[in-house]
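File shown here: data.txt, holding compact mmCIF, C-alpha atoms.
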```
# COMPACT_ATOMS: atom_id res chain seq x y z
CA MET W 125 0.00 0.00 0.00
CA SER W 126 1.46 3.36 -1.00
CA GLU W 127 2.01 6.09 1.59
CA ARG W 128 -0.49 8.33 -0.20
CA THR W 129 -3.24 5.64 0.05
CA ARG W 130 -2.44 5.11 3.72
CA ASP W 131 -2.68 8.86 4.39
CA LEU W 132 -6.00 9.01 2.56
CA ARG W 133 -7.42 6.08 4.56
CA SER W 134 -6.24 7.62 7.79
CA ALA W 135 -7.87 10.93 6.84
CA VAL W 136 -11.15 9.16 5.95
CA ARG W 137 -11.07 7.32 9.31
CA ARG W 138 -10.56 10.62 11.16
CA TRP W 139 -13.54 12.35 9.48
CA PRO W 140 -16.38 10.83 11.58
CA GLY W 141 -14.51 11.69 14.77
CA ALA W 142 -13.87 15.24 13.59
CA PHE W 143 -17.52 15.57 12.50
CA GLY W 144 -18.74 14.36 15.90
CA HIS W 145 -16.28 16.65 17.66
CA PHE W 146 -17.58 19.65 15.66
CA TRP W 147 -21.20 18.97 16.66
CA TRP W 148 -20.23 18.28 20.30
CA GLU W 149 -18.39 21.62 20.49
CA PHE W 150 -21.17 23.35 18.55
CA LEU W 151 -24.03 22.17 20.76
CA ILE W 152 -22.53 21.33 24.14
CA GLY W 153 -18.94 22.57 24.52
CA ASP W 154 -18.29 23.92 28.01
CA THR W 155 -21.96 24.71 28.73
CA PRO W 156 -23.81 21.37 28.93
CA GLU W 157 -26.38 23.02 31.24
CA LEU W 158 -27.65 25.14 28.33
CA PHE W 159 -28.17 22.08 26.12
CA VAL W 160 -29.91 20.11 28.88
CA GLY W 161 -31.95 23.18 29.94
CA ALA W 162 -33.11 23.97 26.39
CA VAL W 163 -34.12 20.35 25.72
CA ALA W 164 -35.94 20.23 29.08
CA VAL W 165 -37.85 23.46 28.31
CA VAL W 166 -38.92 22.21 24.86
CA GLY W 167 -39.95 18.87 26.42
CA PHE W 168 -42.00 20.58 29.17
CA VAL W 169 -43.70 22.87 26.64
CA ALA W 170 -44.48 19.83 24.45
CA VAL W 171 -46.16 18.14 27.44
CA LEU W 172 -48.21 21.31 28.15
CA CYS W 173 -49.36 21.31 24.52
CA LEU W 174 -50.93 17.86 24.94
CA TRP W 175 -53.86 19.83 26.43
CA PRO W 176 -55.17 22.12 23.65
CA GLY W 177 -56.40 24.64 26.23
CA LEU W 178 -52.83 25.22 27.45
CA ARG W 179 -51.26 25.91 24.03
CA THR W 180 -51.52 29.69 24.43
CA VAL W 181 -50.38 29.51 28.07
CA ALA W 182 -47.29 27.63 26.84
CA ALA W 183 -46.40 30.66 24.68
CA TYR W 184 -45.92 32.69 27.87
CA VAL W 185 -44.28 29.88 29.85
CA ALA W 186 -41.58 29.05 27.24
CA PRO W 187 -39.71 32.41 27.22
CA VAL W 188 -39.82 32.58 31.04
CA LEU W 189 -38.31 29.09 31.36
CA VAL W 190 -35.65 29.85 28.72
CA SER W 191 -34.76 33.03 30.65
CA LEU W 192 -34.40 31.01 33.86
CA VAL W 193 -32.04 28.55 32.12
CA LEU W 194 -29.94 31.48 30.85
CA ALA W 195 -29.89 33.19 34.26
CA ALA W 196 -28.87 29.95 35.99
CA SER W 197 -26.00 29.36 33.53
CA VAL W 198 -24.78 32.97 33.87
CA ALA W 199 -24.98 32.72 37.68
CA VAL W 200 -22.93 29.51 37.68
CA ALA W 201 -20.29 31.15 35.43
CA ALA W 202 -20.18 34.25 37.67
CA ARG W 203 -19.73 32.10 40.78
CA ARG W 204 -16.84 30.22 39.08
CA THR W 205 -15.06 33.49 38.25
CA PRO W 206 -12.38 34.13 40.88
CA MET C 158 -50.47 28.73 11.16
CA LEU C 159 -48.78 31.40 9.05
CA LEU C 160 -45.12 31.06 8.17
CA ALA C 161 -42.81 32.85 10.55
CA THR C 162 -41.54 35.33 8.00
CA THR C 163 -44.55 36.04 5.82
CA THR C 164 -44.65 39.60 7.15
CA PRO C 165 -42.00 42.25 6.39
CA THR C 166 -41.20 42.33 10.13
CA GLY C 167 -40.34 38.63 10.15
CA ALA C 168 -38.24 38.95 7.00
CA VAL C 169 -36.33 41.94 8.39
CA VAL C 170 -35.61 40.17 11.69
CA LEU C 171 -34.48 37.07 9.79
CA GLY C 172 -32.24 39.11 7.46
CA VAL C 173 -30.67 41.08 10.33
CA ALA C 174 -30.08 37.90 12.38
CA VAL C 175 -28.31 36.11 9.50
CA PHE C 176 -26.35 39.25 8.54
CA LEU C 177 -25.02 39.86 12.07
CA ALA C 178 -24.26 36.20 12.81
CA SER C 179 -22.44 35.84 9.49
CA ALA C 180 -20.52 39.09 10.00
CA VAL C 181 -19.24 38.00 13.43
CA GLU C 182 -18.00 34.64 12.09
CA MET C 183 -16.50 36.31 9.02
CA VAL C 184 -14.52 38.81 11.12
CA GLU C 185 -12.94 35.82 12.88
CA ALA C 186 -12.15 34.14 9.53
CA LEU C 187 -10.77 37.42 8.14
CA THR C 188 -8.37 37.70 11.10
CA ILE C 189 -6.88 34.32 10.18
CA VAL C 190 -6.72 35.02 6.43
CA LEU C 191 -5.05 38.41 6.97
CA ALA C 192 -2.47 36.83 9.27
CA VAL C 193 -1.74 34.08 6.71
CA GLY C 194 -1.62 36.47 3.74
CA VAL C 195 0.66 39.01 5.40
CA THR C 196 3.00 36.36 6.84
CA ARG C 197 3.13 33.65 4.17
CA GLY C 198 1.99 35.39 0.97
CA TRP C 199 -1.42 35.97 -0.57
CA ARG C 200 -1.52 33.42 -3.40
CA SER C 201 -1.83 30.22 -1.35
CA ALA C 202 -3.93 31.99 1.30
CA LEU C 203 -6.48 33.13 -1.30
CA GLU C 204 -6.48 29.66 -2.90
CA GLY C 205 -7.35 28.20 0.51
CA VAL C 206 -10.16 30.76 0.91
CA ALA C 207 -11.54 30.01 -2.56
CA VAL C 208 -11.59 26.23 -2.03
CA ALA C 209 -13.24 26.62 1.40
CA LEU C 210 -15.93 28.90 -0.08
CA LEU C 211 -16.62 26.39 -2.87
CA VAL C 212 -17.05 23.54 -0.35
CA LEU C 213 -19.36 25.69 1.82
CA ALA C 214 -21.46 26.72 -1.19
CA ALA C 215 -21.79 23.04 -2.17
CA LEU C 216 -22.99 22.21 1.38
CA VAL C 217 -25.70 24.91 1.23
CA ALA C 218 -26.80 23.78 -2.25
CA ALA C 219 -26.90 20.12 -1.20
CA PHE C 220 -28.58 20.33 2.21
CA GLY C 221 -30.76 23.46 1.95
CA PRO C 222 -33.28 22.36 -0.71
CA ALA C 223 -33.12 18.72 0.50
CA LEU C 224 -34.25 19.76 4.00
CA VAL C 225 -37.13 21.83 2.61
CA HIS C 226 -38.39 19.05 0.34
CA TRP C 227 -37.99 15.96 2.49
CA VAL C 228 -38.49 16.99 6.12
CA PRO C 229 -42.01 17.91 7.43
CA LEU C 230 -42.19 21.57 8.45
CA SER C 231 -43.25 20.96 12.08
CA ALA C 232 -40.39 18.46 12.63
CA LEU C 233 -37.95 20.85 10.93
CA ARG C 234 -39.08 23.71 13.18
CA LEU C 235 -38.83 21.61 16.34
CA VAL C 236 -35.29 20.37 15.61
CA VAL C 237 -34.01 23.62 14.09
CA GLY C 238 -35.68 25.70 16.81
CA ALA C 239 -34.05 23.64 19.56
CA LEU C 240 -30.70 23.89 17.73
CA LEU C 241 -30.99 27.68 17.43
CA LEU C 242 -32.10 27.95 21.05
CA VAL C 243 -29.00 26.13 22.32
CA PHE C 244 -26.69 27.99 19.94
CA GLY C 245 -28.27 31.36 20.75
CA LEU C 246 -28.11 30.77 24.51
CA GLN C 247 -24.38 30.07 24.21
CA TRP C 248 -23.81 33.36 22.34
CA LEU C 249 -26.01 35.35 24.71
CA ARG C 250 -24.37 33.89 27.83
CA LYS C 251 -20.88 34.82 26.57
CA ALA C 252 -22.01 38.32 25.53
CA ILE C 253 -23.62 38.92 28.96
CA LEU C 254 -20.49 37.77 30.81
CA ARG C 255 -18.32 39.99 28.58
CA ALA C 256 -20.63 43.01 28.96
CA ALA C 257 -20.57 42.52 32.76
CA GLY C 258 -16.76 42.37 32.69
CA LEU C 259 -16.61 38.78 33.95
CA LYS C 260 -15.02 37.46 30.76
CA ALA C 261 -12.25 38.98 28.66
CA LYS C 262 -13.46 40.51 25.40
CA HIS C 263 -12.58 38.84 22.09
CA ASP C 264 -9.43 40.72 21.02
CA GLU C 265 -8.99 40.22 17.27
CA ASP C 266 -5.73 42.22 17.29
CA ALA C 267 -4.20 39.87 19.88
CA ILE C 268 -5.44 36.82 17.94
CA TYR C 269 -3.98 38.30 14.73
CA ALA C 270 -0.58 38.84 16.41
CA GLU C 271 -0.67 35.28 17.78
CA HIS C 272 -1.36 33.80 14.32
CA VAL C 273 1.38 35.93 12.73
CA ALA C 274 3.93 34.77 15.33
CA GLU C 275 2.97 31.11 14.80
CA LEU C 276 3.02 31.28 11.00
CA ALA C 277 6.29 33.22 10.79
CA GLY C 278 8.03 30.36 12.60
CA GLY C 279 6.75 27.68 10.17
CA PRO C 280 8.84 26.06 7.42
CA GLU C 281 9.34 27.96 4.16
CA PRO C 282 7.61 26.42 1.08
CA ALA C 283 9.84 24.27 -1.13
CA SER C 284 8.05 25.23 -4.37
CA GLY C 285 5.51 27.85 -5.51
CA ARG C 286 2.51 26.72 -3.40
CA ASP C 287 2.68 27.17 0.39
CA ALA C 288 0.86 24.20 1.97
CA THR C 289 0.84 25.79 5.43
CA ALA C 290 -0.75 29.01 4.15
CA PHE C 291 -3.32 27.08 2.09
CA THR C 292 -4.26 24.74 4.97
CA VAL C 293 -4.51 27.44 7.66
CA ALA C 294 -6.57 29.75 5.41
CA PHE C 295 -8.81 26.85 4.30
CA LYS C 296 -9.41 25.64 7.87
CA GLY C 297 -10.08 29.15 9.17
CA VAL C 298 -12.62 30.00 6.48
CA PHE C 299 -14.19 26.51 6.43
CA LEU C 300 -14.69 26.15 10.20
CA GLU C 301 -15.99 29.71 10.74
CA GLY C 302 -18.00 29.39 7.52
CA LEU C 303 -19.56 26.12 8.67
CA GLU C 304 -21.26 28.01 11.50
CA VAL C 305 -22.55 30.52 8.94
CA VAL C 306 -23.82 27.62 6.79
CA VAL C 307 -25.66 26.08 9.76
CA ILE C 308 -27.30 29.44 10.53
CA VAL C 309 -28.21 30.12 6.88
CA ILE C 310 -29.64 26.63 6.34
CA THR C 311 -31.56 26.46 9.63
CA LEU C 312 -33.00 29.99 9.55
CA GLY C 313 -33.51 29.91 5.77
CA THR C 314 -35.21 26.55 5.43
CA THR C 315 -37.42 26.86 8.51
CA SER C 316 -38.84 30.16 7.29
CA HIS C 317 -38.87 29.02 3.63
CA ARG C 318 -36.60 31.98 2.82
CA LEU C 319 -33.30 30.30 2.00
CA GLY C 320 -32.63 32.90 -0.72
CA LEU C 321 -33.03 35.80 1.71
CA ALA C 322 -30.81 34.10 4.32
CA ALA C 323 -28.11 33.37 1.71
CA ALA C 324 -28.31 36.96 0.42
CA ALA C 325 -27.92 38.33 3.97
CA ALA C 326 -24.84 36.14 4.49
CA GLY C 327 -23.46 37.28 1.12
CA ALA C 328 -24.02 40.93 2.07
CA ALA C 329 -22.19 40.30 5.36
CA ALA C 330 -19.26 38.82 3.41
CA ILE C 331 -19.06 41.91 1.19
CA VAL C 332 -19.29 44.33 4.13
CA VAL C 333 -16.71 42.45 6.23
CA CYS C 334 -14.27 42.22 3.28
CA ALA C 335 -14.72 45.94 2.54
CA VAL C 336 -14.21 46.85 6.20
CA GLY C 337 -11.25 44.45 6.33
CA LEU C 338 -9.59 46.26 3.42
CA VAL C 339 -10.06 49.61 5.17
CA VAL C 340 -9.21 48.80 8.78
CA HIS C 341 -6.77 46.02 7.85
CA ARG C 342 -4.92 45.33 11.10
CA GLN C 343 -7.34 47.10 13.43
CA LEU C 344 -10.05 44.47 13.62
CA SER C 345 -10.50 45.19 17.32
CA GLY C 346 -12.39 48.30 16.16
CA VAL C 347 -15.31 46.06 15.15
CA PRO C 348 -17.89 46.09 18.01
CA GLU C 349 -17.93 42.30 18.17
CA ASN C 350 -19.47 41.89 21.62
CA ALA C 351 -22.40 44.18 20.81
CA MET C 352 -22.96 42.24 17.58
CA LYS C 353 -22.79 38.93 19.45
CA MET C 354 -25.32 40.21 21.97
CA GLY C 355 -27.68 41.15 19.13
CA VAL C 356 -27.22 37.84 17.35
CA GLY C 357 -27.70 35.89 20.59
CA LEU C 358 -30.97 37.73 21.26
CA MET C 359 -32.28 36.98 17.78
CA LEU C 360 -31.18 33.35 17.70
CA VAL C 361 -32.76 32.69 21.13
CA SER C 362 -35.96 34.44 19.98
CA PHE C 363 -36.18 32.48 16.70
CA GLY C 364 -35.23 29.30 18.57
CA THR C 365 -37.97 29.79 21.18
CA PHE C 366 -40.56 30.66 18.51
CA TRP C 367 -39.85 27.77 16.17
CA SER C 368 -39.21 25.03 18.72
CA ALA C 369 -42.49 26.01 20.41
CA GLU C 370 -44.32 26.06 17.06
CA GLY C 371 -42.90 22.60 16.39
CA VAL C 372 -44.77 21.30 19.46
CA HIS C 373 -47.96 23.24 18.50
CA VAL C 374 -47.76 26.23 20.83
CA VAL C 375 -50.23 28.95 19.76
CA TRP C 376 -48.37 32.30 19.70
CA PRO C 377 -50.54 35.38 20.36
CA GLY C 378 -50.11 37.62 17.29
CA SER C 379 -48.51 34.75 15.35
CA GLU C 380 -45.14 35.85 13.87
CA LEU C 381 -45.40 39.28 15.50
CA ALA C 382 -44.39 37.45 18.67
CA ILE C 383 -40.78 37.33 17.38
CA PRO C 384 -39.96 41.05 17.95
CA VAL C 385 -41.71 40.79 21.34
CA LEU C 386 -39.45 37.84 22.21
CA VAL C 387 -36.36 39.85 21.11
CA ALA C 388 -37.45 42.69 23.43
CA TRP C 389 -38.15 40.29 26.33
CA TYR C 390 -34.77 38.57 26.07
CA GLY C 391 -33.11 41.97 25.66
CA LEU C 392 -34.64 43.05 28.97
CA VAL C 393 -33.51 39.81 30.64
CA ALA C 394 -29.95 40.28 29.28
CA TRP C 395 -29.88 43.90 30.49
CA LEU C 396 -31.05 42.88 33.96
CA LEU C 397 -28.41 40.13 34.14
CA VAL C 398 -25.62 42.51 33.05
CA ALA C 399 -26.79 45.09 35.61
CA ALA C 400 -26.97 42.48 38.37
CA LEU C 401 -23.47 41.22 37.60
CA GLY C 402 -21.98 44.70 37.07
CA ARG C 403 -20.60 45.18 40.58
CA ARG C 404 -19.01 41.74 40.64
CA GLY C 405 -17.54 42.40 37.19
CA ALA C 406 -15.97 45.67 38.37
CA GLY C 407 -14.18 43.79 41.15
CA TYR C 408 -12.98 41.15 38.66
CA ARG C 409 -11.69 43.81 36.23
CA ALA C 410 -9.84 45.61 39.03
CA ALA C 411 -8.23 42.35 40.19
CA ARG C 412 -7.21 41.51 36.61
CA ALA C 413 -5.74 44.98 36.07
CA THR C 414 -3.83 44.81 39.35
CA ALA C 415 -2.40 41.42 38.38
CA ALA C 416 -1.34 42.86 35.01
CA GLY C 417 0.22 45.89 36.71
CA GLY C 418 -2.11 48.39 35.01
CA PRO C 419 -4.79 50.81 36.20
CA ALA C 420 -7.97 49.42 37.73
CA HIS C 421 -10.33 51.11 35.25
CA VAL C 422 -9.97 48.72 32.26
```
Since I need it in another form, could you write the structure as structure tokens?
Amino acid sequence: MSERTRDLRSAVRRWPGAFGHFWWEFLIGDTPELFVGAVAVVGFVAVLCLWPGLRTVAAYVAPVLVSLVLAASVAVAARRTP
Amino acid sequence: MLLATTTPTGAVVLGVAVFLASAVEMVEALTIVLAVGVTRGWRSALEGVAVALLVLAALVAAFGPALVHWVPLSALRLVVGALLLVFGLQWLRKAILRAAGLKAKHDEDAIYAEHVAELAGGPEPASGRDATAFTVAFKGVFLEGLEVVVIVITLGTTSHRLGLAAAAAGAAAIVVCAVGLVVHRQLSGVPENAMKMGVGLMLVSFGTFWSAEGVHVVWPGSELAIPVLVAWYGLVAWLLVAALGRRGAGYRAARATAAGGPAHV
């Protein structure tokens, strides 16, 4: 096997890892609480929407919950700052 | 339910969000390309930029229309909305911490100097093409551009305005390149944190709106809820910056003392 073919195979093998790493950094990175919080908010709002009468109420609840997730993450970061 | 950007207001908010997000990423890419061009020569650097732009354009052409045609709108909005929400929260959190003085601001001049020092120490090219210059320029433009592509595709396809989103990103490219030619090595003059704050507010607002629409939330005023969401999150961000202000002043003073400079940084 030529060196060029070996390099190409090695590069192809590295691609899935690099792709996964990009998405991990993109979505989670050093703030996993934001990812978990956002998914939890969307999940809670989805549950509220199972009752058609609460679908408008959910429109007011969602931004408040998202704001709480943001405030909690900012507070954690501020506490970690020396 | 009406589409999120059937009104001029929705289209303007979408265009501004894509423009600002693209501009911020492009300033970062421009810093790298300038450092490569000045240090290693422009030919290979510009070749790296051109190849990266071609690959990015192919990604938009391949995935944009495919998403619109094959994925149901409510599922697309749920997934894309959640993605934008997470992404926007990350931007907004960083911008709040920087505005409060609890995190150092993104200094493009320092990053430029760092890249120049690294590249100047690299091996000289054996022939005409400089592999280091090509690779660094390609990676810089491709990785920063990939974030632009994600924003263009997600915002564009979900609102069925991929053309508008792509045009806004193109306009950002032209503006950033023009500004780059003028300010050249003074990229720190670009108000990056203010732009990031604005982008974060819009991404979180779009993310909240679309992810909620994806699970059948009924928004009062339909798409007019988007500017209301931007204003709400703006108020929350302002309150958080104000609440953290005193703590940030202490942090800035401590950092300045450690650096041997004045306390009012």
Residues of chain C within 8 Å of chain W, only C-alpha atoms counted, as a ChimeraX atom specification: /C:239-240,242-244,246-247,250,253-254,259,365,368-369,372-377,386,390,393,397,401,408
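Using all atoms listed in the file, the nearest neighbour of W:Phe168 within the list W:Trp139, W:Val200, W:Trp148, W:Leu189 is W:Leu189.
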Between atom CA of C:Val385 and atom CA of C:Val356 - distance in Å to one decimal: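 It comes out at 15.3 Å.
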Point-to-point distance in Å for atom CA of C:Lys296 and atom CA of C:Val361: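 Computed distance, atom CA of C:Val361 to atom CA of C:Lys296, equals 27.8 Å.
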Minimum-distance residue to C:Ala274, chosen among C:Val336, C:Val305, C:Ala192, C:Val237 (using only C-alpha atoms):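 Under the stated criterion, the closest residue is C:Ala192.
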